[in-house]
Amino acid sequence: MRQSETPPKSLWHSRDFLTFWSGEAFSLFGAQITNLALPLTAVLVYDATPQQMGLLSFLQLSPYLFLSLLFGVWVDRSRRKPLMLAANAIRMVLIASVPLLSALHLLTVEGLLVIACLVGTCSVLFDVSWMSFVPTLVKDRRLYVEANQKLGVTQSTSDVAGPGVAGVLVGWLGPPTALVLDAVSYLASLISLLTIRTKEPAPPRATERHLGRELKEGVSWVFGHHLLRPLALLAPFTNFSLTSVSTLFLLYGVREKGLTPQLIGLVYSVSSVGALLGALGSAAIIRRFPTGLVYGVALTGIYAGPLLLIVAGGPRPVMIATFILSLLISYFGSGLSNVVQLTLRQTLTEQSLMGRMNAAFRTLLFGGGALGGLCGGLLGGALGLRNGLVVLALCSAAMVIPLLMSPIIRLRAMPEPGTESAVATP
């Protein structure tokens with residue numbers, strides 16, 4: 001049944017969504033410190049090799065590859081809010097343990113790898129849960145674009161401000177000590193979740209549970225759907241490009257170009273304006289242009305943007321400006337594509353399958369990212385940092401060819417809530 005044509009109220013009137021949104025903002029800003037401080041701890045404190053850096057990136061994201069589908073079944077069987085509370089509480093303790101162990105001279109690079117993997121495991125549970133929790137707070141599916149845009153803007157804003165602030169903090173406090181602030185951010189997120197009043201309905205009680213069948217239902221839904229399937233097939237290559245390039249670029253910038261933590265933070269901070277612009281403009285762009293075209297242009301930016309990294313040279317300011325432009329193009333594509341694909345996924349999927357659908361996509365997206373980080377480190381160790389970056393940039397740009405062949409770029413408009421009709425060209 002089609003919903004009423006009465007225009008829905010904006011989410012600015014939803015106290016619980018705004019509370020959840022603010023908690024996410026604290027958590028995301030704190031996570032930016034970890035994203036910079038954890039690898040810089042490995043590089044500057046423990047003199048990590050390219051292979052170890054690749055392994056660090058892999059272990060942070062590999063839980064998405066191995067645990068997302070299992071957690072998706074768990075999320076669909078449970079209320080999501082308690083799972084989010086548990087995941088953030090554990091992440092808070094793990095992150096706080098890094099500066100403590102470092103101060104006691106008990107932290108090693110191997111211990112850092114274990115902590116990174118455990119934090120990644122909790123991140124999987126939280127991510128699968130919050131994506132499935134948002135539709136509980138946002139009752140009207142017509143508001144999904146607004147919800148995802150707001151969350152995307154927060155993510156992009158933290159991407160803009162976070163690395164610059166993180167670079168200053170890491171340079172001032174040292175990489176391990178700066179992580180204390182991320183632990184505090186998780187505490188703020190916990191408090192915001194505890195103050196949400198919306199009662200989450202209990203999941204349907206099945207007379208018989210079967211893990212294998214439930215896993216198959218989620219995967220079959222994603223790969224059996226004519227719109228979700230092409231999104232799923234492109235997903236791993238997108239994060240493979242972003243993570244492999246980022247992993248190797250950090251080493252390349254520090255060791256071959258002599259960039260300080262502050263300059264690395266500046267590069268990431270300024271270039272992340274692209275993600276903010278992509279998220280901010282997403283709703284207007286989706287309304288004005290065909291949805292498939294928007295998604296195709298966004299992914300082209302992600303895939304082709306790294307080419308500028310390998311031609312950057314000349315005077316130092318010009319080189320840094322080229323680095324920024326390259327990452328800005330990629331991040332603009334990421335900010336825009338995230339809103340498009342997440343809205344499509346939520347609109348087309350019923351609540352009973354939401355956790356497993358999100359888990360399938362997290363497996364593909366972050367599985368690609370995990371393999372990307374590992375491959376980036378291995379290529380850097382085998383070919384040298386610059387040559388490895390060249391190979392990654394060229395392979396990433398080659399992904400534009402299968403993108404142009406994908407049926408998703410023929411999608412004309414965002415599907416109406418509750419229907420799939422007239423959304424794609426034959």
# chains A, B, ... in the order shown; residues from 1 in each chain; ligands from 1
>>> residues_around(residues="Ile310 (chain A)", least_positions_apart="6", cutoff="12 Å", atoms="only C-alpha atoms", output="list of chain:residue names")
A:Val245, A:Leu248, A:Phe249, A:Tyr252, A:Gly253, A:Ala304, A:Met319, A:Thr322, A:Phe323, A:Ser326, A:Leu327, A:Leu385, A:Arg386, A:Asn387, A:Gly388, A:Leu389, A:Val390, A:Val391, A:Leu392, A:Ala393, A:Leu394
>>> residues_around(residues="region 122-134 of chain A", least_positions_apart="3", cutoff="7 Å", atoms="only C-alpha atoms", output="ChimeraX atom specification")
/A:63-64,68,71-72,75,80,83-84,87,91,118-119,137-138,354-355,358-359
>>> select_by_dssp(residues="region 153-333 of chain A", states="helix (DSSP H, G or I)", output="PyMOL selection string")
chain A and resi 153-173+175-194+211-224+228-256+261-271+273-288+291-311+316-333
>>> residues_around(residues="region 219-228 of chain A", least_positions_apart="6", cutoff="8 Å", atoms="only C-alpha atoms", output="ChimeraX atom specification")
/A:344-345,356-357,360,408
>>> atom_distance(atom1="CA of Asn338 (chain A)", atom2="CA of Leu234 (chain A)")
12.5 Å
>>> atom_distance(atom1="CA of Arg410 (chain A)", atom2="CA of Gly292 (chain A)")
5.3 Å
>>> residues_around(residues="Ser406 (chain A)", least_positions_apart="4", cutoff="12 Å", atoms="only C-alpha atoms", output="number ranges by chain")
A: 226-234, 292-293, 295-296, 299, 399-402, 410-411
>>> write_last_selection(atoms="C-alpha atoms", output="PDB file, in the first residue's frame")
ATOM      1  CA  HIS A 226      17.850  -6.538  -9.778  1.00  0.00           C
ATOM      2  CA  LEU A 227      18.905  -3.237  -8.144  1.00  0.00           C
ATOM      3  CA  LEU A 228      20.836  -4.460  -5.115  1.00  0.00           C
ATOM      4  CA  ARG A 229      22.896  -6.968  -7.101  1.00  0.00           C
ATOM      5  CA  PRO A 230      24.855  -4.424  -9.221  1.00  0.00           C
ATOM      6  CA  LEU A 231      25.444  -2.309  -6.100  1.00  0.00           C
ATOM      7  CA  ALA A 232      26.842  -5.388  -4.366  1.00  0.00           C
ATOM      8  CA  LEU A 233      29.120  -6.321  -7.252  1.00  0.00           C
ATOM      9  CA  LEU A 234      30.738  -2.871  -7.323  1.00  0.00           C
ATOM     10  CA  GLY A 292      22.149   5.922 -11.889  1.00  0.00           C
ATOM     11  CA  LEU A 293      24.077   8.743 -13.544  1.00  0.00           C
ATOM     12  CA  TYR A 295      26.047   7.032  -8.785  1.00  0.00           C
ATOM     13  CA  GLY A 296      28.189   6.389 -11.866  1.00  0.00           C
ATOM     14  CA  LEU A 299      32.210   6.058  -8.433  1.00  0.00           C
ATOM     15  CA  MET A 399      37.443  -0.086 -12.769  1.00  0.00           C
ATOM     16  CA  VAL A 400      35.664   2.667 -14.731  1.00  0.00           C
ATOM     17  CA  ILE A 401      35.244   0.177 -17.604  1.00  0.00           C
ATOM     18  CA  PRO A 402      33.078  -2.389 -15.737  1.00  0.00           C
ATOM     19  CA  ARG A 410      20.644   3.161 -16.158  1.00  0.00           C
ATOM     20  CA  LEU A 411      18.564   3.734 -13.019  1.00  0.00           C
TER      21      LEU A 411
END
>>> residues_around(residues="region 99-116 of chain A", least_positions_apart="4", cutoff="8 Å", atoms="only C-alpha atoms", output="list in words")
Ala42, Tyr46, Ala48, Leu55, Leu56, Leu59, Gln60, Leu94, Ile95, Gly120, Pro176, Thr177, Ala178, Leu179 and Val180 of chain A
>>> write_last_selection(atoms="C-alpha atoms", output="PDB file, in the first residue's frame")
ATOM      1  CA  ALA A  42      52.973   1.958  14.228  1.00  0.00           C
ATOM      2  CA  TYR A  46      57.493   1.081  16.258  1.00  0.00           C
ATOM      3  CA  ALA A  48      56.530  -0.490  11.133  1.00  0.00           C
ATOM      4  CA  LEU A  55      48.561  -6.058   7.998  1.00  0.00           C
ATOM      5  CA  LEU A  56      47.347  -3.330  10.375  1.00  0.00           C
ATOM      6  CA  LEU A  59      43.203  -6.535  10.690  1.00  0.00           C
ATOM      7  CA  GLN A  60      41.175  -3.378  11.292  1.00  0.00           C
ATOM      8  CA  LEU A  94      40.187  -1.098  23.929  1.00  0.00           C
ATOM      9  CA  ILE A  95      41.139   2.353  22.635  1.00  0.00           C
ATOM     10  CA  GLY A 120      37.354  -3.731  14.105  1.00  0.00           C
ATOM     11  CA  PRO A 176      49.332   6.804  21.698  1.00  0.00           C
ATOM     12  CA  THR A 177      48.249   9.537  24.138  1.00  0.00           C
ATOM     13  CA  ALA A 178      45.971  11.224  21.585  1.00  0.00           C
ATOM     14  CA  LEU A 179      43.805   8.084  21.574  1.00  0.00           C
ATOM     15  CA  VAL A 180      42.427   9.023  25.014  1.00  0.00           C
TER      16      VAL A 180
END
>>> closest_residue(among="A:Ser246, A:Gln262, A:Ser282, A:Thr34", to="Leu181 (chain A)", atoms="only C-alpha atoms")
A:Thr34
>>> closest_residue(among="A:Val184, A:Leu18, A:Met414, A:Ile320", to="Ala283 (chain A)", atoms="only C-alpha atoms")
A:Met414
